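As stored in start.cif (mmCIF, C-alpha atoms):
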data_target
loop_
_atom_site.label_atom_id
_atom_site.label_comp_id
_atom_site.auth_asym_id
_atom_site.auth_seq_id
_atom_site.Cartn_x
_atom_site.Cartn_y
_atom_site.Cartn_z
CA MET N 722 21.30 -29.17 32.48
CA LYS N 723 22.33 -25.59 31.78
CA ALA N 724 25.52 -26.86 30.14
CA GLU N 725 23.50 -29.16 27.89
CA ASN N 726 21.23 -26.25 26.97
CA LYS N 727 24.23 -24.15 26.00
CA LYS N 728 25.62 -26.99 23.84
CA LEU N 729 22.31 -27.43 22.05
CA LYS N 730 21.96 -23.72 21.44
CA LYS N 731 25.49 -23.59 20.03
CA ALA N 732 24.64 -26.50 17.73
CA LEU N 733 21.46 -24.80 16.57
CA PHE N 734 22.99 -21.35 16.14
CA PRO N 735 24.36 -21.89 12.59
CA LEU N 736 20.94 -23.06 11.43
CA ILE N 737 19.23 -20.13 13.11
CA ALA N 738 21.67 -17.73 11.51
CA GLY N 739 21.10 -19.45 8.19
CA SER N 740 17.37 -18.92 8.47
CA PHE N 741 17.80 -15.20 8.90
CA LEU N 742 20.23 -15.10 5.99
CA LEU N 743 17.39 -16.64 4.00
CA LEU N 744 15.31 -13.62 4.89
CA GLY N 745 17.86 -11.66 2.90
CA GLY N 746 17.33 -13.91 -0.11
CA CYS N 747 20.40 -16.14 0.05
CA ALA N 748 18.89 -19.56 -0.69
CA THR N 749 16.66 -21.12 -3.32
CA SER N 750 17.12 -24.84 -2.77
CA SER N 751 14.06 -26.96 -1.99
CA GLY N 752 16.41 -29.38 -0.24
CA PHE N 753 17.52 -26.65 2.11
CA THR N 754 13.88 -25.81 2.81
CA SER N 755 13.38 -29.38 4.01
CA VAL N 756 16.50 -29.20 6.18
CA LEU N 757 15.30 -25.99 7.82
CA SER N 758 11.81 -27.39 8.41
CA ALA N 759 13.22 -30.58 9.94
CA ALA N 760 15.59 -28.59 12.14
CA GLY N 761 12.69 -26.42 13.27
CA GLU N 762 10.72 -29.49 14.29
CA ILE N 763 13.67 -30.88 16.21
CA ALA N 764 14.18 -27.58 18.02
CA ASN N 765 10.49 -27.34 18.92
CA ALA N 766 10.41 -30.95 20.13
CA ALA N 767 13.45 -30.24 22.32
CA GLY N 768 11.62 -27.33 23.92
CA TYR N 769 13.53 -24.57 22.16
CA GLY N 770 10.57 -22.66 20.73
CA GLU N 771 12.55 -19.55 19.85
CA ALA N 772 15.02 -21.57 17.79
CA GLY N 773 12.24 -23.52 16.11
CA ALA N 774 10.41 -20.30 15.25
CA ALA N 775 13.51 -18.83 13.65
CA LEU N 776 14.18 -21.98 11.63
CA ASN N 777 10.56 -22.15 10.47
CA ALA N 778 10.81 -18.54 9.33
CA GLY N 779 13.81 -19.43 7.20
CA ALA N 780 12.02 -22.45 5.76
CA SER N 781 9.00 -20.35 4.85
CA VAL N 782 11.07 -17.78 2.95
CA SER N 783 13.09 -20.50 1.23
CA LYS N 784 9.83 -22.11 0.13
CA ALA N 785 8.62 -18.80 -1.23
CA MET N 786 11.70 -18.56 -3.42
CA GLU N 787 11.36 -21.96 -5.06
CA ASP N 788 10.39 -22.03 -8.71
CA ILE N 789 7.00 -23.53 -9.50
CA THR N 790 7.45 -26.11 -12.27
CA PRO N 791 4.83 -26.69 -15.01
CA GLU N 792 3.90 -29.90 -13.23
CA ASN N 793 3.48 -28.05 -9.92
CA GLU N 794 1.44 -25.43 -11.76
CA TYR N 795 -0.92 -28.08 -13.13
CA TYR N 796 -1.49 -29.85 -9.83
CA ILE N 797 -1.97 -26.61 -7.91
CA GLY N 798 -4.47 -25.50 -10.56
CA ARG N 799 -6.26 -28.83 -10.37
CA ALA N 800 -6.59 -28.50 -6.60
CA VAL N 801 -7.99 -25.00 -6.99
CA ALA N 802 -10.35 -26.26 -9.73
CA ALA N 803 -11.59 -29.04 -7.47
CA THR N 804 -12.36 -26.47 -4.80
CA ILE N 805 -14.30 -24.34 -7.30
CA LEU N 806 -16.36 -27.41 -8.22
CA THR N 807 -17.58 -27.71 -4.66
CA ASN N 808 -19.66 -24.60 -5.40
CA TYR N 809 -20.64 -25.31 -9.02
CA ARG N 810 -21.97 -28.30 -10.96
CA ILE N 811 -20.56 -29.29 -14.34
CA GLN N 812 -23.11 -29.17 -17.13
CA TYR N 813 -23.15 -32.50 -18.95
CA ASN N 814 -23.21 -31.54 -22.64
CA PRO N 815 -20.51 -33.49 -24.52
CA VAL N 816 -21.26 -31.90 -27.91
CA LYS N 817 -21.04 -28.30 -26.68
CA GLN N 818 -18.03 -29.07 -24.52
CA ALA N 819 -16.20 -30.62 -27.48
CA TYR N 820 -17.05 -27.52 -29.52
CA LEU N 821 -15.63 -25.20 -26.86
CA ASN N 822 -12.46 -27.27 -26.58
CA LYS N 823 -11.97 -27.10 -30.36
CA ILE N 824 -12.08 -23.32 -30.12
CA CYS N 825 -9.69 -23.46 -27.18
CA ASN N 826 -7.25 -25.73 -29.04
CA THR N 827 -7.32 -23.44 -32.08
CA ILE N 828 -6.31 -20.50 -29.91
CA ALA N 829 -3.74 -22.54 -27.98
CA ILE N 830 -1.82 -23.88 -30.99
CA ASN N 831 -1.38 -20.34 -32.26
CA SER N 832 -0.10 -19.06 -28.93
CA ALA N 833 3.37 -18.92 -27.41
CA ASN N 834 2.48 -21.66 -24.91
CA PRO N 835 0.43 -24.23 -26.86
CA GLU N 836 1.10 -27.21 -24.58
CA PRO N 837 1.14 -26.74 -20.81
CA PHE N 838 1.84 -29.80 -18.67
CA ASN N 839 -1.52 -31.48 -19.33
CA GLY N 840 -3.02 -29.25 -22.03
CA TYR N 841 -5.92 -26.81 -21.86
CA HIS N 842 -9.40 -28.00 -20.91
CA VAL N 843 -12.70 -26.11 -21.01
CA VAL N 844 -15.65 -27.17 -18.85
CA ILE N 845 -19.17 -25.70 -18.76
CA LEU N 846 -20.56 -24.82 -15.33
CA ASP N 847 -24.30 -25.33 -14.92
CA SER N 848 -25.04 -21.86 -13.59
CA SER N 849 -27.11 -18.89 -14.71
CA GLU N 850 -24.37 -16.67 -13.33
CA VAL N 851 -22.50 -14.79 -16.05
CA ASN N 852 -18.88 -15.63 -15.28
CA ALA N 853 -15.74 -17.53 -16.23
CA PHE N 854 -12.68 -18.74 -14.30
CA ALA N 855 -9.24 -20.06 -15.13
CA THR N 856 -6.81 -21.86 -12.84
CA SER N 857 -3.12 -22.44 -13.40
CA GLY N 858 -2.12 -25.39 -15.54
CA GLY N 859 -4.83 -24.99 -18.20
CA HIS N 860 -8.22 -25.33 -16.48
CA ILE N 861 -10.95 -23.06 -17.89
CA PHE N 862 -14.53 -22.83 -16.60
CA ILE N 863 -17.35 -20.99 -18.39
CA THR N 864 -20.87 -20.74 -17.03
CA SER N 865 -23.86 -21.66 -19.14
CA GLY N 866 -25.20 -18.22 -18.26
CA LEU N 867 -22.27 -16.55 -19.97
CA LEU N 868 -22.54 -18.78 -23.05
CA ALA N 869 -26.21 -17.84 -23.35
CA CYS N 870 -25.10 -14.20 -23.79
CA THR N 871 -22.85 -14.87 -26.77
CA ASN N 872 -23.94 -14.08 -30.32
CA SER N 873 -21.04 -15.51 -32.31
CA GLU N 874 -18.22 -18.06 -32.14
CA ASP N 875 -15.79 -15.16 -32.07
CA ALA N 876 -17.45 -13.84 -28.89
CA VAL N 877 -17.03 -17.28 -27.30
CA ALA N 878 -13.41 -17.27 -28.46
CA ALA N 879 -12.94 -13.89 -26.79
CA THR N 880 -14.00 -15.37 -23.45
CA ILE N 881 -11.76 -18.41 -23.83
CA ALA N 882 -8.82 -16.28 -25.00
CA HIS N 883 -9.23 -14.00 -21.98
CA GLU N 884 -9.12 -16.95 -19.56
CA MET N 885 -6.20 -18.54 -21.42
CA ALA N 886 -4.38 -15.23 -21.14
CA HIS N 887 -4.75 -15.34 -17.35
CA ILE N 888 -3.11 -18.79 -17.43
CA GLN N 889 -0.29 -17.79 -19.76
CA LEU N 890 0.40 -14.60 -17.83
CA GLN N 891 0.55 -16.76 -14.67
CA HIS N 892 -1.81 -14.51 -12.74
CA SER N 893 -2.91 -17.23 -10.32
CA LEU N 894 0.72 -18.25 -9.75
CA LYS N 895 1.53 -14.67 -8.86
CA ALA N 896 -1.25 -14.82 -6.31
CA ILE N 897 0.29 -18.00 -4.89
CA LYS N 898 3.75 -16.46 -4.71
CA THR N 899 2.30 -13.37 -3.05
CA SER N 900 0.56 -15.64 -0.56
CA ARG N 901 3.85 -17.39 0.16
CA TRP N 902 5.68 -14.15 0.75
CA THR N 903 2.86 -12.91 2.96
CA SER N 904 3.05 -16.11 4.99
CA ALA N 905 6.81 -15.83 5.16
CA GLY N 906 6.55 -12.27 6.47
CA ILE N 907 4.04 -13.28 9.13
CA ASN N 908 6.20 -16.23 10.14
CA ALA N 909 9.34 -14.09 10.33
CA ALA N 910 7.56 -11.54 12.51
CA GLY N 911 6.30 -14.36 14.73
CA ALA N 912 9.82 -15.72 15.02
CA ALA N 913 11.14 -12.37 16.18
CA VAL N 914 8.43 -12.17 18.84
CA ALA N 915 9.13 -15.76 19.90
CA VAL N 916 12.83 -15.04 20.34
CA ALA N 917 12.09 -11.88 22.31
CA LYS N 918 9.42 -13.40 24.55
CA LYS N 919 10.77 -16.96 24.72
CA ASP N 920 7.36 -17.99 23.37
CA ALA N 921 7.25 -21.34 21.49
CA GLU N 922 3.79 -20.77 19.97
CA LEU N 923 3.84 -19.84 16.27
CA ALA N 924 1.05 -20.27 13.72
CA ASN N 925 1.50 -22.81 10.93
CA THR N 926 2.12 -21.32 7.51
CA MET N 927 1.31 -22.34 3.95
CA ASN N 928 -1.30 -24.91 4.99
CA ASP N 929 -4.24 -23.03 3.49
CA MET N 930 -2.56 -21.80 0.28
CA VAL N 931 -5.10 -23.30 -2.09
CA GLY N 932 -8.00 -21.94 -0.09
CA ASP N 933 -6.44 -18.48 -0.11
CA VAL N 934 -5.99 -18.59 -3.90
CA VAL N 935 -9.63 -19.61 -4.41
CA THR N 936 -10.77 -16.78 -2.15
CA ASN N 937 -8.63 -14.23 -3.99
CA MET N 938 -9.53 -15.47 -7.45
CA VAL N 939 -13.26 -16.15 -7.07
CA ASN N 940 -14.35 -13.82 -4.29
CA ASN N 941 -11.99 -10.90 -4.79
CA GLY N 942 -10.96 -11.37 -8.41
CA TYR N 943 -7.73 -10.44 -10.14
CA SER N 944 -6.50 -6.87 -9.99
CA GLN N 945 -7.79 -4.39 -12.56
CA SER N 946 -4.38 -4.24 -14.23
CA GLN N 947 -4.31 -8.05 -14.54
CA GLU N 948 -7.76 -8.04 -16.14
CA PHE N 949 -6.65 -5.37 -18.61
CA ASP N 950 -3.48 -7.33 -19.38
CA ALA N 951 -5.54 -10.48 -19.96
CA ASP N 952 -7.81 -8.61 -22.37
CA ALA N 953 -4.81 -7.26 -24.27
CA ARG N 954 -3.21 -10.72 -24.52
CA ALA N 955 -6.56 -12.19 -25.57
CA LEU N 956 -6.82 -9.76 -28.50
CA THR N 957 -3.42 -10.94 -29.75
CA LEU N 958 -4.36 -14.60 -29.27
CA MET N 959 -7.58 -14.08 -31.23
CA SER N 960 -5.80 -12.30 -34.05
CA LEU N 961 -3.12 -15.00 -34.35
CA SER N 962 -5.74 -17.78 -34.45
CA GLY N 963 -7.94 -16.13 -37.09
CA TYR N 964 -10.71 -14.83 -34.84
CA ASN N 965 -11.90 -11.26 -35.03
CA PRO N 966 -10.49 -9.37 -32.01
CA ARG N 967 -13.35 -6.85 -32.31
CA ALA N 968 -15.62 -9.61 -30.98
CA MET N 969 -14.18 -8.82 -27.56
CA LEU N 970 -16.16 -5.57 -27.71
CA ASP N 971 -19.30 -7.52 -28.64
CA MET N 972 -18.77 -9.80 -25.65
CA LEU N 973 -18.21 -6.92 -23.28
CA SER N 974 -21.26 -5.07 -24.60
CA LEU N 975 -23.38 -8.16 -23.99
CA LEU N 976 -21.97 -8.41 -20.48
CA LYS N 977 -22.73 -4.76 -19.89
CA SER N 978 -26.39 -5.15 -20.85
CA SER N 979 -26.87 -8.49 -19.07
CA GLN N 980 -25.29 -7.24 -15.85
CA ALA N 981 -27.02 -3.85 -15.68
CA GLY N 982 -27.89 -3.14 -12.06
CA LYS N 983 -26.35 -6.39 -10.80
CA THR N 984 -23.43 -6.91 -8.45
CA GLY N 985 -22.69 -10.65 -8.89
CA GLY N 986 -21.05 -12.60 -11.69
CA MET N 987 -18.35 -10.81 -13.61
CA TYR N 988 -19.03 -7.54 -11.79
CA LYS N 989 -17.86 -9.40 -8.71
CA THR N 990 -14.50 -10.49 -10.12
CA HIS N 991 -13.77 -8.12 -13.03
CA PRO N 992 -13.51 -4.39 -13.70
CA SER N 993 -16.74 -2.94 -15.11
CA PRO N 994 -17.46 -3.66 -18.79
CA GLU N 995 -17.22 0.08 -19.47
CA LYS N 996 -13.63 0.19 -18.23
CA ARG N 997 -12.72 -2.95 -20.12
CA ILE N 998 -14.32 -1.63 -23.33
CA ALA N 999 -12.26 1.57 -23.07
CA ASN N 1000 -9.09 -0.43 -22.52
CA VAL N 1001 -9.83 -2.87 -25.37
CA ASN N 1002 -10.41 0.02 -27.78
CA LYS N 1003 -6.96 1.37 -26.90
CA GLU N 1004 -5.40 -2.04 -27.49
CA LEU N 1005 -7.25 -2.59 -30.77
CA ALA N 1006 -5.76 0.65 -32.10
CA LYS N 1007 -2.30 -0.90 -31.67
CA LEU N 1008 -3.10 -4.09 -33.60
CA SER N 1009 -2.97 -4.87 -37.29
CA LEU N 1010 -6.41 -6.46 -37.47
CA PRO N 1011 -7.10 -9.43 -39.79
CA SER N 1012 -9.99 -9.61 -42.24
CA ASP N 1013 -13.32 -10.35 -40.59
CA THR N 1014 -14.15 -14.00 -41.23
CA THR N 1015 -16.91 -14.26 -38.61
CA ASN N 1016 -19.59 -15.16 -41.18
CA PHE N 1017 -17.75 -18.36 -42.09
CA ARG N 1018 -18.41 -19.62 -38.56
CA THR N 1019 -22.04 -18.51 -38.24
CA ALA N 1020 -23.60 -21.88 -39.13
CA ARG N 1021 -21.22 -23.79 -36.84
CA PHE N 1022 -22.01 -21.46 -33.95
CA ALA N 1023 -25.78 -21.77 -34.49
CA LYS N 1024 -25.49 -25.57 -34.52
CA ASN N 1025 -23.68 -25.58 -31.16
CA LYS N 1026 -25.51 -22.70 -29.47
#
Whole structure, structure tokens version:
Amino acid sequence: MKAENKKLKKALFPLIAGSFLLLGGCATSSGFTSVLSAAGEIANAAGYGEAGAALNAGASVSKAMEDITPENEYYIGRAVAATILTNYRIQYNPVKQAYLNKICNTIAINSANPEPFNGYHVVILDSSEVNAFATSGGHIFITSGLLACTNSEDAVAATIAHEMAHIQLQHSLKAIKTSRWTSAGINAAGAAVAVAKKDAELANTMNDMVGDVVTNMVNNGYSQSQEFDADARALTLMSLSGYNPRAMLDMLSLLKSSQAGKTGGMYKTHPSPEKRIANVNKELAKLSLPSDTTNFRTARFAKNK
């Protein structure tokens, strides 16, 4: 029996070594990820927990290094969006939704990424909360409470441009990749303990990725620097599509007054309006601003308010 154990360990050693080479960043193939995962399962089934732990660690890091394709981005974003909709109802208003999507399409076609895998889509959430969300792949959610605060089409465009900027800057994907690397680190640490203690027990990784992203995005929000970057990109998107970038200040001022003394909504997931206003003013000073054509859209906005 001992001889058989030695033979099996010798057979598994190259794979174990390979997994730790992966920890140094030597592999990017999704096929190799599958090989490592399968080898880990075989090792665990054979009763070699330490070998299985090491192989799973390699698989986790390899997975973290894989590129996320536009198709992956869309389906991950759709899964996150579906999770968000377990907490919010969609407001059924086809006319207003079509109006918002026209604004969105105008901004999109003038951007550097006009056509993600399945396009951009805006949906209204039936909530008095003043908030907006965007998930990877082109999904944008705006609450009816936020829309009620707007006083012009350009202010609505500012909100949509901000959320589109999060998508184009791949902020949610960065959260996913961070989650993968965090999982990989935990798994690698667990593997080291398993080898040292001959302990076969190791927590599963990556299973709750979507849930983690929802928690980070909705409950914790993006980082302050990401919010500032999204505002800056939004100003450029607005300018390129003919909207007045100064309307971002109008939107933020409305948010400031509507959220005074409150802790939910955008205060929960964004820097304070005061900080964003200061940052937007800095960014506006860098732009060559177009002529203000807001008045040409006044009647259209009033019709769809």
When the PyMOL selection byres ((chain N and resi 883-894) around 9) is applied to the file above, which residues end up in the set, as a PyMOL selection string?
-> chain N and resi 789+794+797-798+825+828-829+833-834+841+853-862+878-882+895-899+934+938+943+947-948+950-956+958
Which residue gives the smallest distance to Ala819 of chain N among N:Thr804, N:Ile845, N:Pro837, N:Asn1000, with only C-alpha atoms counted?
->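 The closest residue to Ala819 of chain N is N:Ile845.
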With all atoms listed in the file as the basis for distance, which of N:Asn1025, N:Ser832, N:Ser946, N:Ser873 is at the shortest distance from Leu970 of chain N?
-> N:Ser873
Atom-to-atom span, atom CA of Arg1018 of chain N and atom CA of Asp875 of chain N, Å |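 One can read the atom CA of Arg1018 of chain N to atom CA of Asp875 of chain N distance as 8.3 Å.
Minimum atom-to-atom distances from N:Asn831, N:Arg1021, N:Val844, N:Asn872 to Gln818 of chain N were compared using only C-alpha atoms, and the lowest value belongs to N:Val844.
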Just how far from atom CA of Pro1011 of chain N is atom CA of Lys1024 of chain N, in Å to one decimal?
->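 If I compute the distance from atom CA of Lys1024 of chain N to atom CA of Pro1011 of chain N, I get 25.0 Å.
Run against this file, the PyMOL selection byres ((chain N and resi 871) around 10) gives back Gly866, Leu867, Leu868, Ala869, Cys870, Asn872, Ser873, Glu874, Asp875, Ala876, Val877, Ala878, Ala879, Thr880, Ala968, Asp971, Met972, Leu973, Leu975, Leu976, Phe1022 and Lys1026 of chain N.
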Keeping only C-alpha atoms, write the selected residues to a file as an mmCIF file, keeping the file's coordinate frame.
data_model
loop_
_atom_site.group_PDB
_atom_site.id
_atom_site.type_symbol
_atom_site.label_atom_id
_atom_site.label_comp_id
_atom_site.auth_asym_id
_atom_site.auth_seq_id
_atom_site.Cartn_x
_atom_site.Cartn_y
_atom_site.Cartn_z
ATOM 1 C CA GLY N 866 -25.200 -18.220 -18.260
ATOM 2 C CA LEU N 867 -22.270 -16.550 -19.970
ATOM 3 C CA LEU N 868 -22.540 -18.780 -23.050
ATOM 4 C CA ALA N 869 -26.210 -17.840 -23.350
ATOM 5 C CA CYS N 870 -25.100 -14.200 -23.790
ATOM 6 C CA ASN N 872 -23.940 -14.080 -30.320
ATOM 7 C CA SER N 873 -21.040 -15.510 -32.310
ATOM 8 C CA GLU N 874 -18.220 -18.060 -32.140
ATOM 9 C CA ASP N 875 -15.790 -15.160 -32.070
ATOM 10 C CA ALA N 876 -17.450 -13.840 -28.890
ATOM 11 C CA VAL N 877 -17.030 -17.280 -27.300
ATOM 12 C CA ALA N 878 -13.410 -17.270 -28.460
ATOM 13 C CA ALA N 879 -12.940 -13.890 -26.790
ATOM 14 C CA THR N 880 -14.000 -15.370 -23.450
ATOM 15 C CA ALA N 968 -15.620 -9.610 -30.980
ATOM 16 C CA ASP N 971 -19.300 -7.520 -28.640
ATOM 17 C CA MET N 972 -18.770 -9.800 -25.650
ATOM 18 C CA LEU N 973 -18.210 -6.920 -23.280
ATOM 19 C CA LEU N 975 -23.380 -8.160 -23.990
ATOM 20 C CA LEU N 976 -21.970 -8.410 -20.480
ATOM 21 C CA PHE N 1022 -22.010 -21.460 -33.950
ATOM 22 C CA LYS N 1026 -25.510 -22.700 -29.470
#
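Taken over the shown file, the PyMOL selection byres ((chain N and resi 850) around 8) identifies N:Ser848, N:Ser849, N:Val851, N:Asn852, N:Thr864, N:Ser865, N:Gly866, N:Leu867, N:Gly985, N:Gly986.
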Quote the spacing between atom CA of Ile811 of chain N and atom CA of Leu846 of chain N in Å to one decimal place.
-> 4.6 Å
